$ cat input.cif   # mmCIF, C-alpha atoms
data_target
#
loop_
_atom_site.label_atom_id
_atom_site.label_comp_id
_atom_site.auth_asym_id
_atom_site.auth_seq_id
_atom_site.Cartn_x
_atom_site.Cartn_y
_atom_site.Cartn_z
CA MET A 14 0.00 0.00 0.00
CA LEU A 15 1.19 3.52 -0.76
CA GLU A 16 2.63 5.43 2.20
CA GLN A 17 0.65 8.35 3.56
CA GLU A 18 3.17 10.87 2.26
CA ASP A 19 2.84 9.51 -1.27
CA ALA A 20 -0.95 9.32 -1.01
CA ASP A 21 -0.89 13.01 -0.12
CA ARG A 22 1.21 13.70 -3.22
CA VAL A 23 -1.38 11.92 -5.37
CA LYS A 24 -4.15 14.00 -3.80
CA ARG A 25 -2.17 17.16 -4.43
CA VAL A 26 -1.70 16.24 -8.08
CA LEU A 27 -5.46 15.66 -8.43
CA MET A 28 -6.28 18.95 -6.71
CA GLU A 29 -3.87 20.90 -8.90
CA GLU A 30 -4.65 19.24 -12.19
CA PHE A 31 -8.42 18.91 -11.89
CA GLU A 32 -9.27 21.64 -9.40
CA LEU A 33 -10.82 19.14 -6.99
CA GLU A 34 -11.63 19.84 -3.36
CA GLU A 35 -9.77 17.77 -0.76
CA ASP A 36 -12.93 16.45 0.90
CA VAL A 37 -13.89 14.52 -2.25
CA LEU A 38 -10.56 12.66 -2.27
CA ARG A 39 -11.51 9.65 -0.13
CA PRO A 40 -9.87 6.27 -0.88
CA GLN A 41 -13.18 4.75 -2.01
CA ALA A 42 -14.18 7.78 -4.11
CA SER A 43 -14.78 6.99 -7.77
CA LEU A 44 -12.64 8.92 -10.22
CA TYR A 45 -15.60 9.12 -12.58
CA THR A 46 -18.78 9.58 -10.58
CA ASP A 47 -17.39 11.35 -7.47
CA MET A 48 -14.58 13.35 -9.04
CA GLY A 49 -16.18 13.91 -12.44
CA LEU A 50 -13.17 12.78 -14.47
CA ASP A 51 -13.50 11.16 -17.90
CA SER A 52 -11.38 9.45 -20.54
CA LEU A 53 -9.84 12.75 -21.69
CA ASP A 54 -8.67 13.40 -18.15
CA SER A 55 -6.78 10.11 -18.06
CA VAL A 56 -4.23 11.61 -20.51
CA ASP A 57 -3.65 14.58 -18.20
CA LEU A 58 -3.61 12.36 -15.12
CA VAL A 59 -0.95 10.07 -16.57
CA VAL A 60 1.29 13.04 -17.48
CA ALA A 61 0.88 14.61 -14.04
CA LEU A 62 1.66 11.32 -12.22
CA GLU A 63 4.67 10.60 -14.45
CA ARG A 64 6.12 13.99 -13.56
CA GLU A 65 5.37 13.70 -9.87
CA PHE A 66 6.63 10.13 -9.36
CA LYS A 67 9.27 9.97 -12.14
CA PHE A 68 8.06 6.76 -13.74
CA LYS A 69 6.95 6.13 -17.29
CA VAL A 70 3.56 4.82 -18.29
CA VAL A 71 3.85 2.73 -21.43
CA ARG A 72 0.49 2.64 -23.11
CA ALA A 73 0.91 -0.81 -24.66
CA VAL A 74 1.85 -2.33 -21.29
CA ASP A 75 -0.31 -0.31 -18.91
CA GLU A 76 -3.47 0.17 -20.95
CA GLU A 77 -5.44 -2.57 -19.19
CA ARG A 78 -4.23 -1.52 -15.75
CA ILE A 79 -5.30 2.08 -16.40
CA ARG A 80 -8.70 0.93 -17.59
CA ALA A 81 -9.14 -1.05 -14.37
CA ILE A 82 -8.65 2.03 -12.18
CA ARG A 83 -11.99 3.06 -10.74
CA THR A 84 -11.29 4.54 -7.32
CA LEU A 85 -8.57 6.58 -5.67
CA GLU A 86 -7.49 3.41 -3.87
CA ASP A 87 -7.06 1.67 -7.26
CA LEU A 88 -4.92 4.61 -8.34
CA TYR A 89 -2.72 4.25 -5.24
CA GLY A 90 -2.29 0.56 -6.11
CA PHE A 91 -1.32 1.39 -9.71
CA ILE A 92 1.30 3.90 -8.56
CA GLU A 93 2.73 1.43 -6.06
CA THR A 94 3.02 -1.22 -8.81
CA LYS A 95 4.73 1.22 -11.19
CA ARG A 96 7.19 2.27 -8.52
CA ARG A 97 8.04 -1.34 -7.69
CA GLU A 98 8.62 -2.01 -11.38
CA ALA A 99 10.78 1.09 -11.71
CA GLN A 100 12.90 -0.02 -8.73
CA ALA A 101 13.26 -3.55 -10.16
CA ASN A 102 14.30 -2.18 -13.61
CA PRO A 103 15.97 1.17 -12.95
CA GLY A 104 17.14 1.54 -16.55
CA ALA A 105 13.73 0.87 -18.10
CA MET U 1 -50.09 33.70 -42.70
CA LYS U 2 -47.00 35.48 -41.39
CA THR U 3 -46.21 32.60 -38.97
CA CYS U 4 -46.75 30.09 -41.75
CA LEU U 5 -44.25 31.93 -43.99
CA PHE U 6 -41.80 32.18 -41.08
CA TYR U 7 -41.77 28.39 -40.55
CA LEU U 8 -41.61 27.72 -44.28
CA PHE U 9 -38.62 30.02 -44.57
CA HIS U 10 -36.82 28.28 -41.69
CA ALA U 11 -37.75 24.80 -42.85
CA PHE U 12 -35.95 25.60 -46.09
CA TYR U 13 -32.60 26.11 -44.29
CA VAL U 14 -31.58 22.46 -43.79
CA PRO U 15 -32.27 21.32 -47.39
CA TYR U 16 -30.44 24.45 -48.53
CA LEU U 17 -27.40 23.48 -46.40
CA LEU U 18 -27.46 19.96 -47.83
CA ALA U 19 -27.58 21.32 -51.37
CA LEU U 20 -24.64 23.65 -50.65
CA THR U 21 -22.70 20.71 -49.19
CA LEU U 22 -23.29 18.48 -52.21
CA LEU U 23 -22.31 21.30 -54.53
CA TYR U 24 -19.12 21.94 -52.56
CA PHE U 25 -17.99 18.33 -52.34
CA PHE U 26 -18.67 17.43 -55.94
CA LEU U 27 -17.55 20.65 -57.56
CA PHE U 28 -15.14 22.65 -55.40
CA PHE U 29 -13.55 19.98 -53.21
CA PRO U 30 -11.60 18.13 -55.95
CA ALA U 31 -10.54 21.42 -57.54
CA ILE U 32 -9.32 22.95 -54.27
CA VAL U 33 -7.42 19.86 -53.10
CA ALA U 34 -5.84 19.31 -56.53
CA GLY U 35 -5.00 23.02 -56.75
CA TYR U 36 -3.23 23.10 -53.39
CA CYS U 37 -1.36 19.82 -53.97
CA LEU U 38 -0.29 20.49 -57.55
CA ILE U 39 0.19 24.24 -57.65
CA GLY U 40 0.75 25.11 -54.00
CA ARG U 41 2.77 21.89 -53.41
CA ASP U 42 0.94 21.24 -50.14
CA HIS U 43 0.92 17.87 -48.46
CA LEU U 44 -2.45 16.17 -48.95
CA ASP U 45 -3.39 16.67 -45.28
CA ASP U 46 -2.61 20.41 -45.52
CA ALA U 47 -4.87 20.69 -48.57
CA MET U 48 -7.65 18.76 -46.83
CA ARG U 49 -7.50 21.04 -43.80
CA ARG U 50 -7.63 24.18 -45.95
CA MET U 51 -10.50 22.71 -47.90
CA ALA U 52 -12.41 21.90 -44.68
CA GLN U 53 -11.99 25.46 -43.53
CA PHE U 54 -13.19 26.91 -46.83
CA TYR U 55 -16.21 24.63 -46.59
CA GLY U 56 -17.08 26.05 -43.17
CA ARG U 57 -16.63 29.62 -44.37
CA TYR U 58 -18.65 28.97 -47.51
CA LEU U 59 -21.57 27.54 -45.50
CA LEU U 60 -21.50 30.38 -42.99
CA ARG U 61 -21.26 33.14 -45.58
CA LEU U 62 -24.21 31.66 -47.50
CA SER U 63 -26.22 31.11 -44.30
CA TRP U 64 -27.33 34.71 -43.95
CA PRO U 65 -30.05 35.61 -42.92
CA TRP U 66 -30.56 32.39 -40.94
CA ILE U 67 -27.24 32.84 -39.17
CA ARG U 68 -26.35 36.46 -38.49
CA LEU U 69 -22.65 36.73 -37.70
CA ARG U 70 -20.98 39.41 -35.66
CA THR U 71 -17.20 39.27 -35.47
CA VAL U 72 -15.04 41.31 -33.09
CA GLY U 73 -11.31 41.58 -32.43
CA PHE U 74 -10.05 39.74 -35.50
CA GLU U 75 -7.21 42.27 -35.79
CA ARG U 76 -5.79 40.71 -32.58
CA PHE U 77 -5.03 37.42 -34.30
CA PRO U 78 -1.22 36.97 -34.35
CA SER U 79 0.30 37.14 -37.78
CA GLY U 80 3.38 35.35 -39.00
CA GLY U 81 3.56 31.87 -37.59
CA PRO U 82 1.71 29.03 -35.96
CA CYS U 83 -0.37 29.41 -32.82
CA VAL U 84 -2.77 27.41 -30.67
CA VAL U 85 -6.38 28.56 -30.94
CA VAL U 86 -8.67 27.55 -28.09
CA CYS U 87 -12.41 27.77 -28.44
CA ASN U 88 -15.31 27.42 -26.00
CA HIS U 89 -17.85 24.75 -26.94
CA ARG U 90 -21.61 25.19 -26.64
CA CYS U 91 -22.95 23.51 -29.77
CA TYR U 92 -22.03 20.68 -32.14
CA LEU U 93 -21.89 23.28 -34.94
CA ASP U 94 -19.05 25.23 -33.30
CA ILE U 95 -16.59 23.47 -35.58
CA PHE U 96 -18.19 25.25 -38.56
CA PHE U 97 -17.86 28.62 -36.83
CA SER U 98 -14.21 27.91 -36.10
CA ALA U 99 -13.70 28.06 -39.88
CA LEU U 100 -13.66 31.85 -39.48
CA ILE U 101 -10.31 31.67 -37.67
CA PRO U 102 -7.96 33.73 -39.86
CA GLN U 103 -5.46 30.88 -40.38
CA THR U 104 -6.11 28.33 -43.09
CA ASN U 105 -3.99 25.37 -41.99
CA LEU U 106 -5.54 24.36 -38.70
CA LEU U 107 -5.05 20.94 -37.18
CA VAL U 108 -8.11 20.16 -35.08
CA ALA U 109 -7.93 18.09 -31.89
CA VAL U 110 -10.95 15.80 -31.59
CA ARG U 111 -12.18 12.91 -29.45
CA SER U 112 -12.23 9.37 -30.83
CA TRP U 113 -15.92 9.13 -31.77
CA PRO U 114 -16.03 11.80 -34.56
CA LEU U 115 -13.28 9.88 -36.35
CA ARG U 116 -15.63 6.90 -36.59
CA ILE U 117 -18.47 8.81 -38.32
CA PRO U 118 -18.89 7.54 -41.90
CA PHE U 119 -17.44 9.88 -44.55
CA MET U 120 -16.78 12.70 -42.08
CA GLY U 121 -14.47 10.46 -40.04
CA TRP U 122 -12.61 9.41 -43.18
CA PHE U 123 -12.22 13.05 -44.10
CA MET U 124 -10.93 13.97 -40.63
CA ARG U 125 -8.39 11.16 -40.68
CA ARG U 126 -7.19 12.28 -44.13
CA ALA U 127 -6.83 15.81 -42.78
CA GLY U 128 -4.66 14.44 -39.95
CA TYR U 129 -6.99 15.52 -37.15
CA LEU U 130 -5.65 14.48 -33.76
CA ASP U 131 -7.40 11.89 -31.62
CA VAL U 132 -6.54 13.36 -28.22
CA GLU U 133 -8.51 10.69 -26.39
CA THR U 134 -6.27 7.87 -27.59
CA LEU U 135 -2.87 9.41 -28.31
CA SER U 136 -0.41 9.71 -25.45
CA MET U 137 0.87 13.13 -24.49
CA ASP U 138 4.41 12.18 -25.60
CA THR U 139 3.12 11.30 -29.07
CA LEU U 140 1.11 14.52 -29.26
CA LEU U 141 4.08 16.64 -28.27
CA SER U 142 6.59 15.00 -30.62
CA HIS U 143 4.06 15.17 -33.47
CA SER U 144 3.44 18.86 -32.74
CA GLU U 145 7.11 19.76 -33.23
CA ALA U 146 7.07 18.37 -36.77
CA MET U 147 3.74 19.98 -37.64
CA ILE U 148 4.72 23.39 -36.32
CA LYS U 149 7.84 23.32 -38.49
CA ARG U 150 5.46 22.92 -41.44
CA GLY U 151 3.58 26.04 -40.32
CA VAL U 152 0.51 24.23 -38.99
CA SER U 153 -1.54 25.81 -36.20
CA TYR U 154 -3.74 23.96 -33.70
CA LEU U 155 -7.39 24.25 -32.78
CA PHE U 156 -8.55 22.82 -29.46
CA PHE U 157 -11.88 22.80 -27.67
CA PRO U 158 -10.26 22.49 -24.25
CA GLU U 159 -13.54 21.70 -22.47
CA GLY U 160 -13.45 18.34 -24.27
CA HIS U 161 -17.16 18.25 -25.04
CA ARG U 162 -19.94 20.75 -25.50
CA SER U 163 -21.56 22.34 -22.52
CA ARG U 164 -25.06 21.13 -21.62
CA ASP U 165 -26.06 24.26 -19.75
CA GLY U 166 -24.08 26.89 -21.66
CA ARG U 167 -21.62 27.41 -18.79
CA LEU U 168 -17.91 27.00 -19.40
CA GLN U 169 -16.53 23.63 -18.24
CA ARG U 170 -13.14 22.76 -16.80
CA PHE U 171 -10.32 22.98 -19.35
CA ARG U 172 -8.06 20.04 -20.24
CA SER U 173 -4.30 20.49 -20.61
CA GLY U 174 -3.39 19.22 -24.12
CA ALA U 175 -3.58 22.58 -25.92
CA PHE U 176 -1.54 24.30 -23.23
CA ARG U 177 1.16 21.63 -23.12
CA ILE U 178 1.67 22.00 -26.89
CA ALA U 179 1.72 25.80 -26.59
CA ALA U 180 4.11 25.73 -23.61
CA GLN U 181 6.52 23.25 -25.17
CA ASN U 182 6.73 25.16 -28.48
CA ASN U 183 6.23 28.65 -27.02
CA LEU U 184 3.27 29.32 -29.31
CA PRO U 185 0.78 32.08 -28.54
CA VAL U 186 -2.59 30.86 -27.29
CA VAL U 187 -5.47 32.65 -28.98
CA PRO U 188 -8.86 32.58 -27.20
CA PHE U 189 -11.66 32.33 -29.78
CA CYS U 190 -14.90 33.00 -27.97
CA ILE U 191 -18.20 31.95 -29.57
CA GLU U 192 -21.56 33.08 -28.16
CA GLY U 193 -24.96 32.33 -29.61
CA THR U 194 -24.44 28.88 -31.15
CA GLU U 195 -26.31 27.42 -28.18
CA LYS U 196 -29.38 29.12 -29.69
CA VAL U 197 -28.65 27.76 -33.18
CA ALA U 198 -28.76 24.17 -31.90
CA PRO U 199 -29.27 23.83 -28.14
CA TYR U 200 -28.05 20.62 -26.49
CA GLY U 201 -30.25 17.76 -27.67
CA ARG U 202 -31.47 19.49 -30.82
CA LEU U 203 -30.15 18.34 -34.18
CA LEU U 204 -31.59 20.77 -36.72
CA PRO U 205 -30.27 24.32 -36.65
CA ARG U 206 -32.52 27.30 -36.22
CA PRO U 207 -31.93 31.01 -36.91
CA ALA U 208 -29.91 33.03 -34.42
CA GLU U 209 -27.28 35.69 -34.10
CA VAL U 210 -23.77 34.43 -33.34
CA ARG U 211 -21.07 36.64 -31.90
CA ILE U 212 -17.43 35.68 -32.24
CA GLU U 213 -14.66 37.55 -30.52
CA ILE U 214 -10.94 36.93 -30.68
CA LEU U 215 -9.42 37.90 -27.32
CA ASP U 216 -5.83 39.01 -26.76
CA PRO U 217 -3.28 36.24 -27.49
CA ILE U 218 -1.34 34.96 -24.48
CA ARG U 219 2.33 33.97 -24.67
CA PRO U 220 3.43 30.97 -22.59
CA ASP U 221 6.83 32.49 -21.78
CA THR U 222 5.15 35.08 -19.56
CA PHE U 223 4.61 32.26 -17.02
CA PRO U 224 7.31 30.61 -14.87
CA GLU U 225 8.83 27.55 -16.52
CA GLU U 226 7.85 25.17 -13.76
CA LYS U 227 4.18 24.22 -14.23
CA ARG U 228 3.96 26.57 -17.20
CA ALA U 229 1.29 24.57 -19.00
CA LEU U 230 -0.88 24.35 -15.90
CA LEU U 231 -0.61 28.06 -15.13
CA LEU U 232 -1.27 28.92 -18.76
CA ARG U 233 -4.36 26.67 -18.81
CA ARG U 234 -5.77 28.22 -15.68
CA HIS U 235 -5.08 31.75 -16.92
CA VAL U 236 -6.73 31.15 -20.31
CA GLU U 237 -9.74 29.52 -18.65
CA ASN U 238 -10.09 32.60 -16.45
CA VAL U 239 -9.80 34.88 -19.50
CA PHE U 240 -12.81 33.07 -21.00
CA ARG U 241 -14.68 33.13 -17.69
CA ALA U 242 -14.10 36.86 -17.22
CA HIS U 243 -15.23 37.52 -20.80
CA LEU U 244 -18.37 35.40 -20.41
CA GLY U 245 -19.18 36.85 -16.96
CA GLU U 246 -18.64 33.55 -15.14
CA GLU U 247 -17.01 32.80 -11.80
CA LEU U 248 -13.22 32.51 -12.01
CA VAL U 249 -11.39 29.30 -11.10
CA SER U 250 -8.96 29.27 -8.25
CA GLY U 251 -6.42 26.58 -7.49
CA VAL U 252 -3.99 25.18 -5.00
CA LEU U 253 -0.81 25.84 -6.97
CA GLU U 254 2.02 27.04 -4.79
CA ASN U 255 3.50 30.38 -5.89
CA GLU U 256 0.76 30.76 -8.45
CA THR U 257 1.69 33.58 -10.78
CA GLU U 258 -0.40 35.46 -13.27
CA PRO U 259 1.40 37.46 -15.96
#
$ encode --input "input.cif" --output "structure tokens"
Amino acid sequence: MLEQEDADRVKRVLMEEFELEEDVLRPQASLYTDMGLDSLDSVDLVVALEREFKFKVVRAVDEERIRAIRTLEDLYGFIETKRREAQANPGA
Amino acid sequence: MKTCLFYLFHAFYVPYLLALTLLYFFLFFPAIVAGYCLIGRDHLDDAMRRMAQFYGRYLLRLSWPWIRLRTVGFERFPSGGPCVVVCNHRCYLDIFFSALIPQTNLLVAVRSWPLRIPFMGWFMRRAGYLDVETLSMDTLLSHSEAMIKRGVSYLFFPEGHRSRDGRLQRFRSGAFRIAAQNNLPVVPFCIEGTEKVAPYGRLLPRPAEVRIEILDPIRPDTFPEEKRALLLRRHVENVFRAHLGEELVSGVLENETEP
């Protein structure tokens, strides 16, 4: 599970990028129904997370994982996975 | 009698548009594309984009008195080089009104679904329109460098889809990332009145007055380099909001700077 400090960074990215209020950013909150994001926002979200966490999202590899993200908790899980992969393959 | 004539007059508009479209595509379209490719030595996609824009202008100019156009601030449009035009979106016909932008090689950013419309989708793909729903930001940005070298400008509807209630929606970042990376001026192109031509949920257009104003271009390099695209996006959104008399957006950016 993502550490609290990193979870706060994710929330900050969402607040900056999508002008969301902090009280909507609960772990179980849906990115679509509660936060009002849509498929166009996923492009902006990926760019913002790549910059914040210094990993690379490869569309061909991560497409299915991105599609499976529904809640903020799912997003934390995705970031944790990407970070583990980045640590395992630092040159990738 | 007067009401009857009024409805008859307006009922004539859609068949008239269809006739103009058929005339354009069978008569002018091949001549214009061939002319640009053979004489002007354009790439095919450049010629298709110019042709699409002439089609929009042709329909609008011949739509009087159904559509009464009022244009303001066109002298503000930057001359000499590519730019990123951003347009508010209240009606599915806004794309036709964007044909009045005084730049004839405009690459339009669209969602995936218009590219799947028969004929129109084929045309858009031929014109190289960008599917911003599917392409990654890296692809968009690297593609933009090559296109800008060819003198191509961009048109974005940064709200992503048309407004249901006429109020401006949150802007997306694509247009501003391209502008920030290439230091291109962002030109706000503000359309008012198209929501009366075809309100949300209505297919057939009806007569109305449409006002188009080009607002002052904004240069990305007036914003700090860090988070330039984000600051630029927020600023441009607020320029539209101020112009349309809507509430401004605020944010949580640290050291937020307005030019």
$ atom_distance --input "input.cif" --atom1 "CA of Arg50 (chain U)" --atom2 "CA of Arg125 (chain U)"
14.1 Å
$ residues_around --input "input.cif" --residues "Ala99 (chain U)" --least-positions-apart "4" --cutoff "6 Å" --atoms "all atoms listed in the file" --output "list of chain:residue names"
U:Gln53, U:Gly56, U:Arg57
$ resolve_selection --input "input.cif" --expression "the PyMOL selection byres ((chain U and resi 182) around 12)" --output "PyMOL selection string"
chain U and resi 81-84+141-149+153-154+175-181+183-186+219-221+228-229
$ write_last_selection --input "input.cif" --atoms "C-alpha atoms" --output "PDB file, in the coordinates of the input"
ATOM      1  CA  GLY U  81       3.560  31.870 -37.590  1.00  0.00           C
ATOM      2  CA  PRO U  82       1.710  29.030 -35.960  1.00  0.00           C
ATOM      3  CA  CYS U  83      -0.370  29.410 -32.820  1.00  0.00           C
ATOM      4  CA  VAL U  84      -2.770  27.410 -30.670  1.00  0.00           C
ATOM      5  CA  LEU U 141       4.080  16.640 -28.270  1.00  0.00           C
ATOM      6  CA  SER U 142       6.590  15.000 -30.620  1.00  0.00           C
ATOM      7  CA  HIS U 143       4.060  15.170 -33.470  1.00  0.00           C
ATOM      8  CA  SER U 144       3.440  18.860 -32.740  1.00  0.00           C
ATOM      9  CA  GLU U 145       7.110  19.760 -33.230  1.00  0.00           C
ATOM     10  CA  ALA U 146       7.070  18.370 -36.770  1.00  0.00           C
ATOM     11  CA  MET U 147       3.740  19.980 -37.640  1.00  0.00           C
ATOM     12  CA  ILE U 148       4.720  23.390 -36.320  1.00  0.00           C
ATOM     13  CA  LYS U 149       7.840  23.320 -38.490  1.00  0.00           C
ATOM     14  CA  SER U 153      -1.540  25.810 -36.200  1.00  0.00           C
ATOM     15  CA  TYR U 154      -3.740  23.960 -33.700  1.00  0.00           C
ATOM     16  CA  ALA U 175      -3.580  22.580 -25.920  1.00  0.00           C
ATOM     17  CA  PHE U 176      -1.540  24.300 -23.230  1.00  0.00           C
ATOM     18  CA  ARG U 177       1.160  21.630 -23.120  1.00  0.00           C
ATOM     19  CA  ILE U 178       1.670  22.000 -26.890  1.00  0.00           C
ATOM     20  CA  ALA U 179       1.720  25.800 -26.590  1.00  0.00           C
ATOM     21  CA  ALA U 180       4.110  25.730 -23.610  1.00  0.00           C
ATOM     22  CA  GLN U 181       6.520  23.250 -25.170  1.00  0.00           C
ATOM     23  CA  ASN U 183       6.230  28.650 -27.020  1.00  0.00           C
ATOM     24  CA  LEU U 184       3.270  29.320 -29.310  1.00  0.00           C
ATOM     25  CA  PRO U 185       0.780  32.080 -28.540  1.00  0.00           C
ATOM     26  CA  VAL U 186      -2.590  30.860 -27.290  1.00  0.00           C
ATOM     27  CA  ARG U 219       2.330  33.970 -24.670  1.00  0.00           C
ATOM     28  CA  PRO U 220       3.430  30.970 -22.590  1.00  0.00           C
ATOM     29  CA  ASP U 221       6.830  32.490 -21.780  1.00  0.00           C
ATOM     30  CA  ARG U 228       3.960  26.570 -17.200  1.00  0.00           C
ATOM     31  CA  ALA U 229       1.290  24.570 -19.000  1.00  0.00           C
TER      32      ALA U 229
END
$ closest_residue --input "input.cif" --among "A:Glu86, A:Glu30, A:Glu93, A:Glu18" --to "chain U" --atoms "only C-alpha atoms"
A:Glu30
$ resolve_selection --input "input.cif" --expression "the PyMOL selection byres ((chain A and resi 59-68) around 7)" --output "ChimeraX atom specification"
/A:26,55-58,69-70,95-96,99
$ interface_residues --input "input.cif" --of "chain U" --to "chain A" --cutoff "12 Å" --atoms "only C-alpha atoms" --output "MDAnalysis selection string"
chainID U and resid 109:112 131:141 157:161 169:177 226:227 229:231 233:234 248:254 256
$ atom_distance --input "input.cif" --atom1 "CA of Gly49 (chain A)" --atom2 "CA of Asn88 (chain U)"
19.2 Å
$ residues_around --input "input.cif" --residues "Asp36 (chain A)" --least-positions-apart "5" --cutoff "12 Å" --atoms "all atoms listed in the file" --output "short mmCIF file (atom, residue, chain, number, x, y, z; two decimals) with C-alpha atoms, in the frame of the given file"
data_model
loop_
_atom_site.label_atom_id
_atom_site.label_comp_id
_atom_site.auth_asym_id
_atom_site.auth_seq_id
_atom_site.Cartn_x
_atom_site.Cartn_y
_atom_site.Cartn_z
CA LYS A 24 -4.15 14.00 -3.80
CA LEU A 27 -5.46 15.66 -8.43
CA MET A 28 -6.28 18.95 -6.71
CA ALA A 42 -14.18 7.78 -4.11
CA ASP A 47 -17.39 11.35 -7.47
CA MET A 48 -14.58 13.35 -9.04
#
$ closest_atom_pairs --input "input.cif" --of "region 70-134 of chain U" --to "region 15-33 of chain U" --cutoff "12 Å" --atoms "all atoms listed in the file" --output "JSON lines"
{"residue": "U:Phe119", "atom": "CA", "partner": "U:Phe25", "partner_atom": "CA", "distance": 11.5}
{"residue": "U:Met120", "atom": "CA", "partner": "U:Phe25", "partner_atom": "CA", "distance": 11.8}
{"residue": "U:Phe123", "atom": "CA", "partner": "U:Phe25", "partner_atom": "CA", "distance": 11.4}
{"residue": "U:Arg126", "atom": "CA", "partner": "U:Val33", "partner_atom": "CA", "distance": 11.7}
{"residue": "U:Ala127", "atom": "CA", "partner": "U:Val33", "partner_atom": "CA", "distance": 11.1}
$ write_last_selection --input "input.cif" --atoms "C-alpha atoms" --output "PDB file, keeping the file's coordinate frame"
ATOM      1  CA  PHE U 119     -17.440   9.880 -44.550  1.00  0.00           C
ATOM      2  CA  MET U 120     -16.780  12.700 -42.080  1.00  0.00           C
ATOM      3  CA  PHE U 123     -12.220  13.050 -44.100  1.00  0.00           C
ATOM      4  CA  ARG U 126      -7.190  12.280 -44.130  1.00  0.00           C
ATOM      5  CA  ALA U 127      -6.830  15.810 -42.780  1.00  0.00           C
TER       6      ALA U 127
END
$ atom_distance --input "input.cif" --atom1 "CA of Ile92 (chain A)" --atom2 "CA of Glu225 (chain U)"
26.1 Å
$ closest_residue --input "input.cif" --among "A:Asp19, A:Leu85, A:Phe91, A:Ala101" --to "Leu44 (chain A)" --atoms "only C-alpha atoms"
A:Leu85
$ resolve_selection --input "input.cif" --expression "the PyMOL selection byres ((chain A and resi 83) around 6)" --output "list in words"
Ser43, Leu44, Ile82 and Thr84 of chain A
$ closest_residue --input "input.cif" --among "A:Gln100, A:Gly90, A:Glu35, A:Glu77" --to "Glu16 (chain A)" --atoms "all atoms listed in the file"
A:Gly90
